[in-house]
file model-v2.cif (mmCIF, C-alpha atoms)
data_protein
loop_
_atom_site.label_atom_id
_atom_site.label_comp_id
_atom_site.auth_asym_id
_atom_site.auth_seq_id
_atom_site.Cartn_x
_atom_site.Cartn_y
_atom_site.Cartn_z
CA MET A 210 32.11 15.53 13.69
CA HIS A 211 29.70 13.46 15.69
CA LEU A 212 26.01 14.18 15.96
CA THR A 213 24.10 14.25 19.23
CA GLN A 214 20.33 14.34 19.33
CA GLU A 215 18.13 14.52 22.36
CA LEU A 216 15.22 12.09 22.38
CA GLU A 217 12.18 14.31 22.95
CA LEU A 218 10.27 11.35 24.34
CA PHE A 219 13.02 10.46 26.77
CA PRO A 220 14.61 13.75 27.77
CA GLU A 221 17.12 12.01 30.04
CA HIS A 222 18.55 10.19 27.00
CA ARG A 223 20.65 11.33 24.10
CA VAL A 224 21.85 9.52 21.04
CA THR A 225 25.27 10.18 19.57
CA LEU A 226 26.38 8.98 16.17
CA LEU A 227 30.03 8.65 15.16
CA LEU A 228 31.19 7.73 11.70
CA PHE A 229 34.57 6.22 10.83
CA LYS A 230 36.19 5.35 7.53
CA GLU A 231 39.37 3.43 6.66
CA VAL A 232 38.71 1.20 9.65
CA LYS A 233 41.31 -1.54 10.02
CA ASN A 234 40.07 -3.46 13.04
CA ALA A 235 36.46 -4.27 12.11
CA ALA A 236 36.83 -7.93 13.13
CA GLU A 237 38.20 -6.98 16.52
CA LEU A 238 35.46 -4.36 17.03
CA ARG A 239 32.74 -6.82 16.12
CA LYS A 240 34.14 -9.34 18.57
CA SER A 241 34.27 -6.91 21.47
CA ALA A 242 30.78 -5.63 20.65
CA MET A 243 29.47 -9.17 20.81
CA GLU A 244 31.17 -9.63 24.16
CA GLY A 245 29.53 -6.47 25.37
CA LYS A 246 32.78 -4.59 25.75
CA ILE A 247 31.70 -1.73 23.53
CA ASN A 248 29.01 0.56 24.77
CA GLY A 249 27.42 1.13 21.41
CA ALA A 250 25.86 -0.38 18.31
CA LEU A 251 28.15 -0.96 15.34
CA ILE A 252 26.37 -0.44 12.05
CA ASN A 253 27.33 -0.99 8.45
CA PRO A 254 27.15 2.51 6.90
CA THR A 255 26.41 1.27 3.38
CA MET A 256 22.88 0.39 4.54
CA LEU A 257 22.18 3.87 5.90
CA VAL A 258 20.55 6.69 3.95
CA ASP A 259 20.64 9.42 6.56
CA PRO A 260 21.45 9.90 10.26
CA PHE A 261 17.71 10.28 10.89
CA GLN A 262 17.22 6.62 10.01
CA VAL A 263 19.50 5.63 12.89
CA LEU A 264 17.82 8.07 15.28
CA VAL A 265 14.43 6.52 14.51
CA ALA A 266 15.83 3.06 15.27
CA ALA A 267 17.42 4.27 18.50
CA ASN A 268 14.27 6.03 19.68
CA LYS A 269 12.22 2.91 19.08
CA ALA A 270 14.79 0.78 20.89
CA VAL A 271 14.72 3.01 23.98
CA HIS A 272 10.93 3.01 23.90
CA LEU A 273 10.72 -0.78 23.70
CA GLN A 274 13.28 -1.12 26.47
CA LYS A 275 11.18 1.12 28.74
CA ILE A 276 8.01 -0.86 28.14
CA GLU A 277 9.96 -4.12 28.36
CA LYS A 278 9.01 -5.29 24.90
CA MET A 279 12.42 -5.61 23.25
CA LYS A 280 12.80 -8.46 20.80
CA THR A 281 16.54 -8.83 21.23
CA ARG A 282 18.89 -9.07 24.19
CA ASN A 283 20.00 -5.52 24.72
CA LEU A 284 19.47 -1.94 23.65
CA TYR A 285 22.25 -1.97 21.06
CA SER A 286 21.21 -5.17 19.37
CA GLU A 287 17.68 -3.77 19.33
CA ILE A 288 18.86 -0.68 17.44
CA ILE A 289 20.37 -2.90 14.72
CA PHE A 290 17.23 -5.03 14.64
CA ASN A 291 14.99 -1.97 14.31
CA LEU A 292 16.81 -0.85 11.17
CA SER A 293 15.78 -3.99 9.36
CA PRO A 294 12.53 -4.17 7.38
CA THR A 295 11.98 -7.77 8.44
CA ASN A 296 11.45 -9.45 11.79
CA ASN A 297 14.32 -11.87 11.29
CA ILE A 298 16.97 -11.12 13.91
CA SER A 299 19.96 -12.93 12.43
CA GLU A 300 19.20 -11.45 9.02
CA ALA A 301 19.14 -7.99 10.59
CA PHE A 302 22.58 -8.48 12.15
CA LYS A 303 23.96 -9.79 8.90
CA ARG A 304 22.70 -6.85 6.85
CA PHE A 305 22.98 -3.97 9.28
CA GLY A 306 25.72 -5.04 11.68
CA ILE A 307 29.35 -4.83 10.65
CA SER A 308 31.25 -7.68 9.07
CA ASP A 309 34.89 -8.55 9.66
CA GLY A 310 36.10 -7.13 6.36
CA ASP A 311 34.29 -3.76 6.55
CA ASP A 312 36.35 -0.61 6.25
CA SER A 313 33.78 1.83 7.59
CA VAL A 314 31.55 1.82 10.65
CA MET A 315 28.83 3.91 12.26
CA VAL A 316 28.79 3.76 16.06
CA VAL A 317 25.56 4.60 17.89
CA VAL A 318 25.72 5.44 21.59
CA VAL A 319 22.74 6.03 23.86
CA HIS A 320 23.69 7.98 26.95
CA ASN A 321 22.60 10.65 29.39
CA LYS A 322 23.86 14.22 29.54
CA ASP A 323 27.53 13.57 30.22
CA GLU A 324 28.90 11.59 27.33
CA SER A 325 32.47 12.81 26.80
CA GLN A 326 34.12 9.80 28.47
CA LEU A 327 32.00 7.31 26.53
CA LEU A 328 32.85 8.96 23.24
CA THR A 329 36.57 9.12 24.02
CA ASP A 330 36.49 5.40 24.75
CA ILE A 331 34.85 4.64 21.41
CA VAL A 332 37.24 6.80 19.44
CA ALA A 333 40.15 5.08 21.19
CA LYS A 334 38.89 1.64 20.25
CA VAL A 335 38.33 2.26 16.55
CA ASP A 336 41.44 2.11 14.41
CA GLY A 337 40.23 4.40 11.67
CA GLN A 338 39.60 7.98 10.66
CA GLN A 339 36.61 9.73 12.17
CA VAL A 340 34.61 11.72 9.62
CA SER A 341 31.52 13.92 9.79
CA VAL A 342 28.28 12.00 10.26
CA GLU A 343 26.86 13.94 7.31
CA ASP A 344 29.26 12.04 5.03
CA ILE A 345 26.98 9.03 5.43
CA SER A 346 25.21 9.90 2.19
CA SER A 347 28.42 9.31 0.22
CA MET A 348 28.86 5.86 1.76
CA SER A 349 25.34 4.53 1.34
CA ASP A 350 24.62 1.98 -1.35
CA SER A 351 21.19 3.09 -2.48
CA ALA A 352 20.70 0.24 -4.95
CA LYS A 353 21.23 -2.28 -2.15
CA ILE A 354 18.99 -0.31 0.21
CA LYS A 355 16.17 -0.12 -2.33
CA LYS A 356 16.41 -3.83 -2.92
CA LEU A 357 16.41 -4.80 0.74
CA TYR A 358 13.56 -2.47 1.74
CA LYS A 359 11.71 -3.24 -1.51
CA VAL A 360 11.30 0.40 -2.50
CA THR A 361 9.70 0.79 -5.92
CA PRO A 362 10.30 3.71 -8.32
CA GLN A 363 6.60 4.45 -7.90
CA GLU A 364 7.03 5.11 -4.21
CA GLU A 365 9.99 7.40 -4.79
CA LYS A 366 7.66 9.71 -6.69
CA CYS A 367 5.84 10.65 -3.49
CA GLY A 368 8.83 10.94 -1.20
CA THR A 369 12.51 10.40 -0.66
CA LEU A 370 14.26 7.08 -0.13
CA LEU A 371 14.65 8.09 3.51
CA ASP A 372 10.87 8.51 3.84
CA ALA A 373 10.27 5.05 2.40
CA VAL A 374 12.86 3.46 4.69
CA VAL A 375 11.64 5.19 7.86
CA CYS A 376 8.02 4.25 7.11
CA ARG A 377 8.93 0.59 6.83
CA MET A 378 11.00 0.63 9.99
CA ALA A 379 8.23 2.27 11.98
CA THR A 380 5.48 -0.07 10.81
CA LYS A 381 7.24 -3.40 10.42
CA ASP A 382 5.79 -4.96 13.57
CA VAL A 383 2.22 -4.85 12.26
CA LEU A 384 2.68 -5.90 8.66
CA MET B 289 -2.69 3.81 33.28
CA ALA B 290 -0.37 4.35 30.37
CA GLN B 291 2.25 5.74 32.71
CA GLU B 292 2.44 2.51 34.70
CA LYS B 293 3.54 0.63 31.62
CA GLY B 294 6.29 3.17 31.25
CA THR B 295 5.51 4.77 27.92
CA ALA B 296 6.83 8.30 27.80
CA VAL B 297 4.44 9.64 25.19
CA PRO B 298 1.78 11.13 27.56
CA VAL B 299 4.44 13.29 29.23
CA LEU B 300 5.51 14.68 25.88
CA LEU B 301 1.91 15.33 24.81
CA SER B 302 1.11 17.19 28.02
CA LYS B 303 3.55 19.86 26.83
CA ALA B 304 2.71 19.69 23.13
CA GLU B 305 0.42 22.02 21.20
CA LEU B 306 -3.08 20.59 20.76
CA LEU B 307 -4.24 21.19 17.20
CA LYS B 308 -7.54 19.41 17.08
CA GLN B 309 -9.73 17.16 19.12
CA GLY B 310 -12.23 14.84 17.54
CA ALA B 311 -14.41 12.03 18.81
CA GLU B 312 -11.78 9.45 18.05
CA ALA B 313 -8.44 11.10 18.68
CA ARG B 314 -6.52 14.22 19.58
CA VAL B 315 -3.97 15.69 17.22
CA TYR B 316 -0.89 17.49 18.51
CA ARG B 317 2.05 19.26 17.00
CA ALA B 318 5.39 18.23 18.46
CA GLU B 319 9.01 17.84 17.54
CA PHE B 320 10.33 14.35 16.84
CA LEU B 321 14.09 13.82 16.61
CA GLY B 322 14.44 17.42 15.55
CA LYS B 323 11.78 17.30 12.82
CA PRO B 324 8.33 18.91 12.93
CA ALA B 325 5.82 16.15 13.59
CA ILE B 326 2.13 15.52 14.16
CA VAL B 327 1.07 13.16 16.93
CA LYS B 328 -2.29 11.46 16.71
CA GLU B 329 -3.41 10.09 20.04
CA ARG B 330 -6.38 7.75 20.30
CA PHE B 331 -7.52 8.33 23.84
CA PRO B 332 -9.52 5.77 25.87
CA LYS B 333 -13.28 6.02 25.42
CA ARG B 334 -14.86 5.69 28.82
CA TYR B 335 -18.28 4.85 27.38
CA ARG B 336 -16.98 1.58 25.96
CA HIS B 337 -16.10 -1.57 27.79
CA PRO B 338 -12.34 -1.31 28.51
CA VAL B 339 -11.50 -4.58 26.77
CA LEU B 340 -13.50 -3.71 23.67
CA ASP B 341 -12.11 -0.19 23.70
CA GLU B 342 -8.54 -1.43 23.81
CA LYS B 343 -9.18 -3.81 20.96
CA LEU B 344 -10.92 -1.30 18.70
CA THR B 345 -8.36 1.40 19.38
CA HIS B 346 -5.48 -0.96 18.73
CA ARG B 347 -6.99 -2.22 15.50
CA ARG B 348 -7.65 1.28 14.19
CA THR B 349 -4.13 2.37 14.99
CA VAL B 350 -2.75 -0.63 13.12
CA GLN B 351 -5.09 -0.11 10.17
CA GLU B 352 -4.15 3.53 9.92
CA VAL B 353 -0.41 2.89 9.60
CA ARG B 354 -0.98 -0.05 7.24
CA SER B 355 -3.12 2.02 4.88
CA ILE B 356 -0.61 4.86 4.90
CA LEU B 357 2.19 2.48 3.97
CA ARG B 358 0.09 0.84 1.27
CA CYS B 359 -0.77 4.20 -0.27
CA ARG B 360 2.83 5.36 -0.21
CA LYS B 361 3.99 2.16 -1.84
CA ALA B 362 1.55 2.88 -4.66
CA GLY B 363 2.93 6.39 -5.07
CA ILE B 364 0.04 8.17 -3.38
CA SER B 365 1.29 10.90 -1.05
CA ALA B 366 0.47 10.39 2.61
CA PRO B 367 2.43 11.51 5.66
CA VAL B 368 5.53 9.49 6.59
CA VAL B 369 5.08 7.40 9.74
CA TYR B 370 7.97 8.14 12.10
CA PHE B 371 7.04 6.11 15.16
CA VAL B 372 4.08 4.21 16.60
CA ASP B 373 3.45 3.57 20.28
CA TYR B 374 0.96 0.75 20.62
CA THR B 375 0.68 1.15 24.40
CA SER B 376 -0.60 4.72 24.36
CA HIS B 377 -2.00 4.37 20.80
CA CYS B 378 -0.07 7.27 19.39
CA ILE B 379 1.16 7.67 15.84
CA PHE B 380 3.98 10.09 15.10
CA LEU B 381 3.65 11.43 11.57
CA GLU B 382 5.52 13.80 9.32
CA GLU B 383 4.09 17.31 9.44
CA ILE B 384 3.20 18.48 5.94
CA VAL B 385 4.79 21.89 6.35
CA GLY B 386 3.36 24.79 4.38
CA SER B 387 0.22 23.00 3.30
CA SER B 388 -3.41 23.98 3.29
CA THR B 389 -6.51 21.83 3.18
CA VAL B 390 -8.29 21.33 -0.12
CA ARG B 391 -11.33 22.67 1.69
CA ASP B 392 -9.75 26.06 2.36
CA HIS B 393 -8.24 26.11 -1.08
CA ILE B 394 -11.57 25.53 -2.83
CA ALA B 395 -13.28 28.13 -0.66
CA SER B 396 -10.75 30.84 -1.45
CA THR B 397 -10.42 29.93 -5.12
CA GLN B 398 -14.20 29.95 -5.55
CA GLN B 399 -14.27 33.53 -4.38
CA SER B 400 -11.72 34.63 -6.92
CA CYS B 401 -13.57 32.74 -9.70
CA LYS B 402 -10.61 30.73 -10.98
CA ASP B 403 -12.71 27.93 -12.42
CA GLN B 404 -9.95 26.40 -14.46
CA GLU B 405 -7.74 25.96 -11.46
CA LEU B 406 -10.56 24.25 -9.55
CA GLU B 407 -11.23 21.92 -12.46
CA ARG B 408 -7.59 20.91 -12.52
CA LEU B 409 -7.74 20.19 -8.81
CA ALA B 410 -10.91 18.11 -9.17
CA GLN B 411 -9.22 16.15 -11.91
CA GLN B 412 -6.19 15.53 -9.72
CA MET B 413 -8.42 14.38 -6.84
CA GLY B 414 -10.24 11.94 -9.11
CA GLN B 415 -6.98 10.46 -10.32
CA ILE B 416 -5.57 9.96 -6.85
CA LEU B 417 -8.74 8.39 -5.47
CA ALA B 418 -8.85 6.07 -8.46
CA ARG B 419 -5.30 4.97 -7.77
CA MET B 420 -6.09 4.47 -4.08
CA HIS B 421 -9.14 2.35 -4.84
CA ASP B 422 -7.21 0.34 -7.38
CA GLU B 423 -4.89 -0.55 -4.49
CA ASP B 424 -8.02 -1.64 -2.56
CA VAL B 425 -7.54 1.01 0.11
CA ILE B 426 -10.86 2.40 1.36
CA HIS B 427 -10.23 5.70 3.10
CA GLY B 428 -13.45 5.66 5.11
CA ASP B 429 -13.59 9.40 5.78
CA LEU B 430 -13.04 11.24 2.52
CA THR B 431 -13.63 14.96 2.89
CA THR B 432 -11.92 17.98 1.45
CA SER B 433 -10.46 18.61 4.92
CA ASN B 434 -8.68 15.29 4.80
CA MET B 435 -6.75 16.23 1.69
CA LEU B 436 -3.85 18.62 1.87
CA LEU B 437 -2.22 20.63 -0.86
CA ARG B 438 1.53 20.71 -0.46
CA ARG B 439 2.95 23.53 -2.47
CA GLY B 440 5.39 22.05 -4.89
CA THR B 441 8.63 23.54 -6.07
CA GLU B 442 8.27 26.27 -8.68
CA ASP B 443 7.97 24.09 -11.77
CA GLU B 444 5.81 21.30 -10.38
CA GLU B 445 2.12 21.56 -9.68
CA SER B 446 1.26 21.21 -6.01
CA ASP B 447 1.05 17.76 -4.57
CA LEU B 448 -2.15 16.32 -3.10
CA VAL B 449 -1.57 14.54 0.22
CA LEU B 450 -4.20 12.27 1.77
CA ILE B 451 -4.43 12.33 5.56
CA ASP B 452 -6.45 10.79 8.37
CA PHE B 453 -6.62 7.11 7.52
CA GLY B 454 -8.19 6.47 10.93
CA LEU B 455 -11.27 4.76 9.49
CA SER B 456 -9.57 3.14 6.55
CA TYR B 457 -9.46 -0.51 5.65
CA ILE B 458 -8.53 -2.82 2.81
CA SER B 459 -11.33 -4.05 0.55
CA ALA B 460 -11.74 -4.92 -3.10
CA LEU B 461 -15.54 -4.67 -3.06
CA PRO B 462 -17.05 -2.12 -5.47
CA GLU B 463 -19.69 -1.57 -2.76
CA ASP B 464 -17.08 -0.23 -0.29
CA LYS B 465 -15.47 1.96 -2.94
CA GLY B 466 -18.88 3.27 -3.97
CA VAL B 467 -19.73 4.18 -0.40
CA ASP B 468 -16.30 5.84 -0.06
CA LEU B 469 -17.14 8.08 -3.03
CA TYR B 470 -20.67 8.65 -1.75
CA VAL B 471 -19.32 9.91 1.58
CA LEU B 472 -17.04 12.28 -0.33
CA GLU B 473 -19.90 13.47 -2.52
CA LYS B 474 -22.04 14.28 0.51
CA ALA B 475 -19.20 16.05 2.28
CA PHE B 476 -18.07 17.86 -0.85
CA LEU B 477 -21.44 19.25 -1.86
CA SER B 478 -22.39 20.28 1.65
CA THR B 479 -19.11 22.10 2.40
CA HIS B 480 -18.84 23.72 -1.01
CA PRO B 481 -22.08 25.17 -2.35
CA ASN B 482 -22.73 25.15 -6.10
CA THR B 483 -20.04 22.65 -6.95
CA GLU B 484 -22.14 19.92 -8.55
CA ALA B 485 -20.42 20.41 -11.90
CA LEU B 486 -17.03 20.37 -10.23
CA PHE B 487 -17.77 17.10 -8.47
CA GLN B 488 -18.89 15.61 -11.77
CA LYS B 489 -15.47 16.53 -13.14
CA LEU B 490 -13.90 14.64 -10.25
CA LEU B 491 -16.00 11.55 -10.94
CA LYS B 492 -15.22 11.75 -14.63
CA SER B 493 -11.53 11.80 -13.97
CA TYR B 494 -11.96 8.94 -11.46
CA THR B 495 -13.78 6.89 -14.10
CA ALA B 496 -11.10 7.57 -16.66
CA SER B 497 -8.20 6.70 -14.34
CA SER B 498 -9.46 3.63 -12.54
CA LYS B 499 -9.33 0.25 -14.17
CA LYS B 500 -12.27 -1.01 -12.14
CA SER B 501 -14.36 2.15 -12.17
CA SER B 502 -17.49 0.97 -13.98
CA ALA B 503 -18.58 -1.38 -11.17
CA VAL B 504 -17.81 1.30 -8.58
CA ILE B 505 -19.80 4.01 -10.34
CA LYS B 506 -22.70 1.59 -10.75
CA LYS B 507 -22.59 0.94 -7.01
CA LEU B 508 -22.36 4.68 -6.34
CA ASP B 509 -25.64 5.18 -8.22
CA GLU B 510 -27.20 2.45 -6.12
CA VAL B 511 -25.87 3.91 -2.88
CA ARG B 512 -27.21 7.36 -3.80
CA LEU B 513 -30.71 5.91 -3.90
CA ARG B 514 -30.56 4.03 -0.65
CA GLY B 515 -27.98 5.87 1.45
CA ARG B 516 -24.72 4.71 2.97
CA LYS B 517 -26.15 1.79 4.91
CA ARG B 518 -27.28 -1.31 3.16
CA SER B 519 -30.88 -2.19 3.63
CA MET B 520 -31.25 -5.26 5.77
CA VAL B 521 -34.92 -5.74 4.99
CA GLY B 522 -35.89 -8.98 3.34
#

call {"tool": "encode", "arguments": {"input": "model-v2.cif", "output": "structure tokens"}}
result
Amino acid sequence: MHLTQELELFPEHRVTLLLFKEVKNAAELRKSAMEGKINGALINPTMLVDPFQVLVAANKAVHLQKIEKMKTRNLYSEIIFNLSPTNNISEAFKRFGISDGDDSVMVVVVHNKDESQLLTDIVAKVDGQQVSVEDISSMSDSAKIKKLYKVTPQEEKCGTLLDAVVCRMATKDVL
Amino acid sequence: MAQEKGTAVPVLLSKAELLKQGAEARVYRAEFLGKPAIVKERFPKRYRHPVLDEKLTHRRTVQEVRSILRCRKAGISAPVVYFVDYTSHCIFLEEIVGSSTVRDHIASTQQSCKDQELERLAQQMGQILARMHDEDVIHGDLTTSNMLLRRGTEDEESDLVLIDFGLSYISALPEDKGVDLYVLEKAFLSTHPNTEALFQKLLKSYTASSKKSSAVIKKLDEVRLRGRKRSMVG
């Protein structure tokens, strides 16, 4: 169901992604995330093309945390910020964070080797149905993604939408 | 030094497979988030003043990723940038799996005398360089080793991927584009003997595809007479 990936650059860290649909308590989740009661980043799945996109954001967040160059307050807000093609923080939360009316959510957890307790806690908090992370492709709104990341048809000739999105995320701080 | 700042990249590279070492950078093969990746590390040059070195290295790293993005946006294939570490000056790029350099391809095709295939390739190269220059990207180090052929799926012809934008920059000057082509001409003719006609094909296709080619070709003729550097006499 969930997907766990080791960060090659930070072998003591792993990233786990969990995807939920038919979520009924998005407002409550958002509130507790903002209060820091949820150990994870809550992301709006319609803006995601592929799990790899989230992994890239998480890796960059951990890296920036280690070198003390994060732009936002904590690791989880940084993950959401890193997904955005712009350097506007509130815009990033609006587009990539969850909103009160959302019925699906992707939860990103950064942890060390033993994660089972953390994951159980998350699953307990979300009032929804957990589905395979691979189902993300059926939830993504590619028209909206293309518009936000400004991906042209021309660019899609030399690579996938995921390629275009990842490239922008990785290079946004020097544009 | 890098370790003090806490970047984890040097530890990863110490275990990665070194592919190539040049004067400017080392290139490694490594895995990134489960995908095959290439890491380009610009190491510190001890012969330069540390402050200058840091500045140059940083600028080149930035220019490299910018040019890659600009090319991709224009539909020119270049490796996807996965991650950039500006403290250790490392760029994590997509590995173009199952590709060979144009250099190797020309060498082996020349032996088997498939002239038509080579002409098609030269034409393709001309088109792509024309598109790149129309976007005002100057590659800075055009050689047949810095172009990869990615074997396409059965029906498509193989895709030409530009790599190594380490010396690239943005410029609209015909002079810079002319020099870019001149560098390629020199490299092309010296690595591949008896290919003058083939290179002409490339230039012809460049001229036909680029909207601003006439000024560039004029400059190229000028550059041929005087060499890459502009004369500062007078």

call {"tool": "resolve_selection", "arguments": {"input": "model-v2.cif", "expression": "the PyMOL selection byres ((chain B and resi 405-410) around 7)", "output": "tab-separated table (two decimals) with C-alpha atoms, in the frame of the given file"}}
result
chain	number	residue	atom	x	y	z
B	394	ILE	CA	-11.57	25.53	-2.83
B	402	LYS	CA	-10.61	30.73	-10.98
B	403	ASP	CA	-12.71	27.93	-12.42
B	404	GLN	CA	-9.95	26.40	-14.46
B	411	GLN	CA	-9.22	16.15	-11.91
B	412	GLN	CA	-6.19	15.53	-9.72
B	413	MET	CA	-8.42	14.38	-6.84
B	414	GLY	CA	-10.24	11.94	-9.11
B	486	LEU	CA	-17.03	20.37	-10.23
B	487	PHE	CA	-17.77	17.10	-8.47
B	489	LYS	CA	-15.47	16.53	-13.14
B	490	LEU	CA	-13.90	14.64	-10.25

call {"tool": "interface_residues", "arguments": {"input": "model-v2.cif", "of": "chain A", "to": "chain B", "cutoff": "12 Å", "atoms": "only C-alpha atoms", "output": "NGL selection string"}}
result
:A and (212-224 or 260-278 or 291 or 358-384)

call {"tool": "resolve_selection", "arguments": {"input": "model-v2.cif", "expression": "the PyMOL selection byres ((chain A and resi 346-356) around 6)", "output": "PyMOL selection string"}}
result
chain A and resi 255-258+344-345+357-360

call {"tool": "axis_aligned_box", "arguments": {"input": "model-v2.cif", "around": "range 215-222 of chain A", "padding_each_side": "8 Å", "output": "lines of an AutoDock Vina configuration file"}}
result
center_x = 14.4
center_y = 12.4
center_z = 26.2
size_x = 24.3
size_y = 20.3
size_z = 23.7

call {"tool": "atom_distance", "arguments": {"input": "model-v2.cif", "atom1": "CA of Phe229 in chain A", "atom2": "CA of Gln339 in chain A"}}
result
4.3 Å

call {"tool": "resolve_selection", "arguments": {"input": "model-v2.cif", "expression": "the PyMOL selection byres ((chain A and resi 238-245) around 9)", "output": "PyMOL selection string"}}
result
chain A and resi 234-237+246-251+306-309+334-335

call {"tool": "atom_distance", "arguments": {"input": "model-v2.cif", "atom1": "CA of Glu352 in chain B", "atom2": "CA of Gly454 in chain B"}}
result
5.1 Å

call {"tool": "residues_around", "arguments": {"input": "model-v2.cif", "residues": "Ile289 in chain A", "least_positions_apart": "3", "cutoff": "8 Å", "atoms": "only C-alpha atoms", "output": "list in words"}}
result
Ala250, Ile252, Ala266, Tyr285, Ser286, Leu292, Ser293, Ala301, Phe302, Phe305 and Gly306 of chain A

call {"tool": "atom_distance", "arguments": {"input": "model-v2.cif", "atom1": "CA of Pro254 in chain A", "atom2": "CA of Val318 in chain A"}}
result
15.0 Å

call {"tool": "residues_around", "arguments": {"input": "model-v2.cif", "residues": "Glu463 in chain B", "least_positions_apart": "4", "cutoff": "9 Å", "atoms": "only C-alpha atoms", "output": "list in words"}}
result
Val467, Asp468, Ala503, Val504, Lys507, Leu508 and Val511 of chain B

call {"tool": "write_last_selection", "arguments": {"input": "model-v2.cif", "atoms": "C-alpha atoms", "output": "short mmCIF file (atom, residue, chain, number, x, y, z; two decimals), keeping the file's coordinate frame"}}
result
data_model
loop_
_atom_site.label_atom_id
_atom_site.label_comp_id
_atom_site.auth_asym_id
_atom_site.auth_seq_id
_atom_site.Cartn_x
_atom_site.Cartn_y
_atom_site.Cartn_z
CA VAL B 467 -19.73 4.18 -0.40
CA ASP B 468 -16.30 5.84 -0.06
CA ALA B 503 -18.58 -1.38 -11.17
CA VAL B 504 -17.81 1.30 -8.58
CA LYS B 507 -22.59 0.94 -7.01
CA LEU B 508 -22.36 4.68 -6.34
CA VAL B 511 -25.87 3.91 -2.88
#

call {"tool": "build_atoms", "arguments": {"input": "model-v2.cif", "residues": "range 409-421 of chain B", "atoms": "N, CA, C and O atoms", "output": "PDB file, keeping the file's coordinate frame"}}
result
ATOM      1  N   LEU B 409      -7.825  20.824 -10.133  1.00  0.00           N
ATOM      2  CA  LEU B 409      -7.740  20.190  -8.810  1.00  0.00           C
ATOM      3  C   LEU B 409      -8.694  18.999  -8.717  1.00  0.00           C
ATOM      4  O   LEU B 409      -8.324  17.933  -8.223  1.00  0.00           O
ATOM      5  N   ALA B 410      -9.931  19.192  -9.219  1.00  0.00           N
ATOM      6  CA  ALA B 410     -10.910  18.110  -9.170  1.00  0.00           C
ATOM      7  C   ALA B 410     -10.416  16.904  -9.953  1.00  0.00           C
ATOM      8  O   ALA B 410     -10.586  15.751  -9.542  1.00  0.00           O
ATOM      9  N   GLN B 411      -9.767  17.206 -11.075  1.00  0.00           N
ATOM     10  CA  GLN B 411      -9.220  16.150 -11.910  1.00  0.00           C
ATOM     11  C   GLN B 411      -8.140  15.371 -11.154  1.00  0.00           C
ATOM     12  O   GLN B 411      -8.127  14.135 -11.132  1.00  0.00           O
ATOM     13  N   GLN B 412      -7.275  16.131 -10.491  1.00  0.00           N
ATOM     14  CA  GLN B 412      -6.190  15.530  -9.720  1.00  0.00           C
ATOM     15  C   GLN B 412      -6.757  14.651  -8.599  1.00  0.00           C
ATOM     16  O   GLN B 412      -6.279  13.544  -8.346  1.00  0.00           O
ATOM     17  N   MET B 413      -7.805  15.146  -7.926  1.00  0.00           N
ATOM     18  CA  MET B 413      -8.420  14.380  -6.840  1.00  0.00           C
ATOM     19  C   MET B 413      -8.982  13.065  -7.370  1.00  0.00           C
ATOM     20  O   MET B 413      -8.797  12.012  -6.770  1.00  0.00           O
ATOM     21  N   GLY B 414      -9.675  13.142  -8.512  1.00  0.00           N
ATOM     22  CA  GLY B 414     -10.240  11.940  -9.110  1.00  0.00           C
ATOM     23  C   GLY B 414      -9.178  10.903  -9.419  1.00  0.00           C
ATOM     24  O   GLY B 414      -9.346   9.716  -9.139  1.00  0.00           O
ATOM     25  N   GLN B 415      -8.067  11.390  -9.971  1.00  0.00           N
ATOM     26  CA  GLN B 415      -6.980  10.460 -10.320  1.00  0.00           C
ATOM     27  C   GLN B 415      -6.422   9.759  -9.084  1.00  0.00           C
ATOM     28  O   GLN B 415      -6.194   8.545  -9.091  1.00  0.00           O
ATOM     29  N   ILE B 416      -6.197  10.533  -8.039  1.00  0.00           N
ATOM     30  CA  ILE B 416      -5.570   9.960  -6.850  1.00  0.00           C
ATOM     31  C   ILE B 416      -6.511   8.967  -6.161  1.00  0.00           C
ATOM     32  O   ILE B 416      -6.096   7.883  -5.750  1.00  0.00           O
ATOM     33  N   LEU B 417      -7.793   9.322  -6.089  1.00  0.00           N
ATOM     34  CA  LEU B 417      -8.740   8.390  -5.470  1.00  0.00           C
ATOM     35  C   LEU B 417      -8.861   7.112  -6.285  1.00  0.00           C
ATOM     36  O   LEU B 417      -8.990   6.019  -5.734  1.00  0.00           O
ATOM     37  N   ALA B 418      -8.784   7.254  -7.609  1.00  0.00           N
ATOM     38  CA  ALA B 418      -8.850   6.070  -8.460  1.00  0.00           C
ATOM     39  C   ALA B 418      -7.662   5.163  -8.173  1.00  0.00           C
ATOM     40  O   ALA B 418      -7.805   3.947  -8.038  1.00  0.00           O
ATOM     41  N   ARG B 419      -6.497   5.766  -8.041  1.00  0.00           N
ATOM     42  CA  ARG B 419      -5.300   4.970  -7.770  1.00  0.00           C
ATOM     43  C   ARG B 419      -5.402   4.290  -6.407  1.00  0.00           C
ATOM     44  O   ARG B 419      -5.031   3.140  -6.234  1.00  0.00           O
ATOM     45  N   MET B 420      -5.947   5.027  -5.432  1.00  0.00           N
ATOM     46  CA  MET B 420      -6.090   4.470  -4.080  1.00  0.00           C
ATOM     47  C   MET B 420      -7.046   3.281  -4.097  1.00  0.00           C
ATOM     48  O   MET B 420      -6.761   2.233  -3.529  1.00  0.00           O
ATOM     49  N   HIS B 421      -8.171   3.445  -4.781  1.00  0.00           N
ATOM     50  CA  HIS B 421      -9.140   2.350  -4.840  1.00  0.00           C
ATOM     51  C   HIS B 421      -8.608   1.163  -5.639  1.00  0.00           C
ATOM     52  O   HIS B 421      -8.925   0.019  -5.338  1.00  0.00           O
TER      53      HIS B 421
END
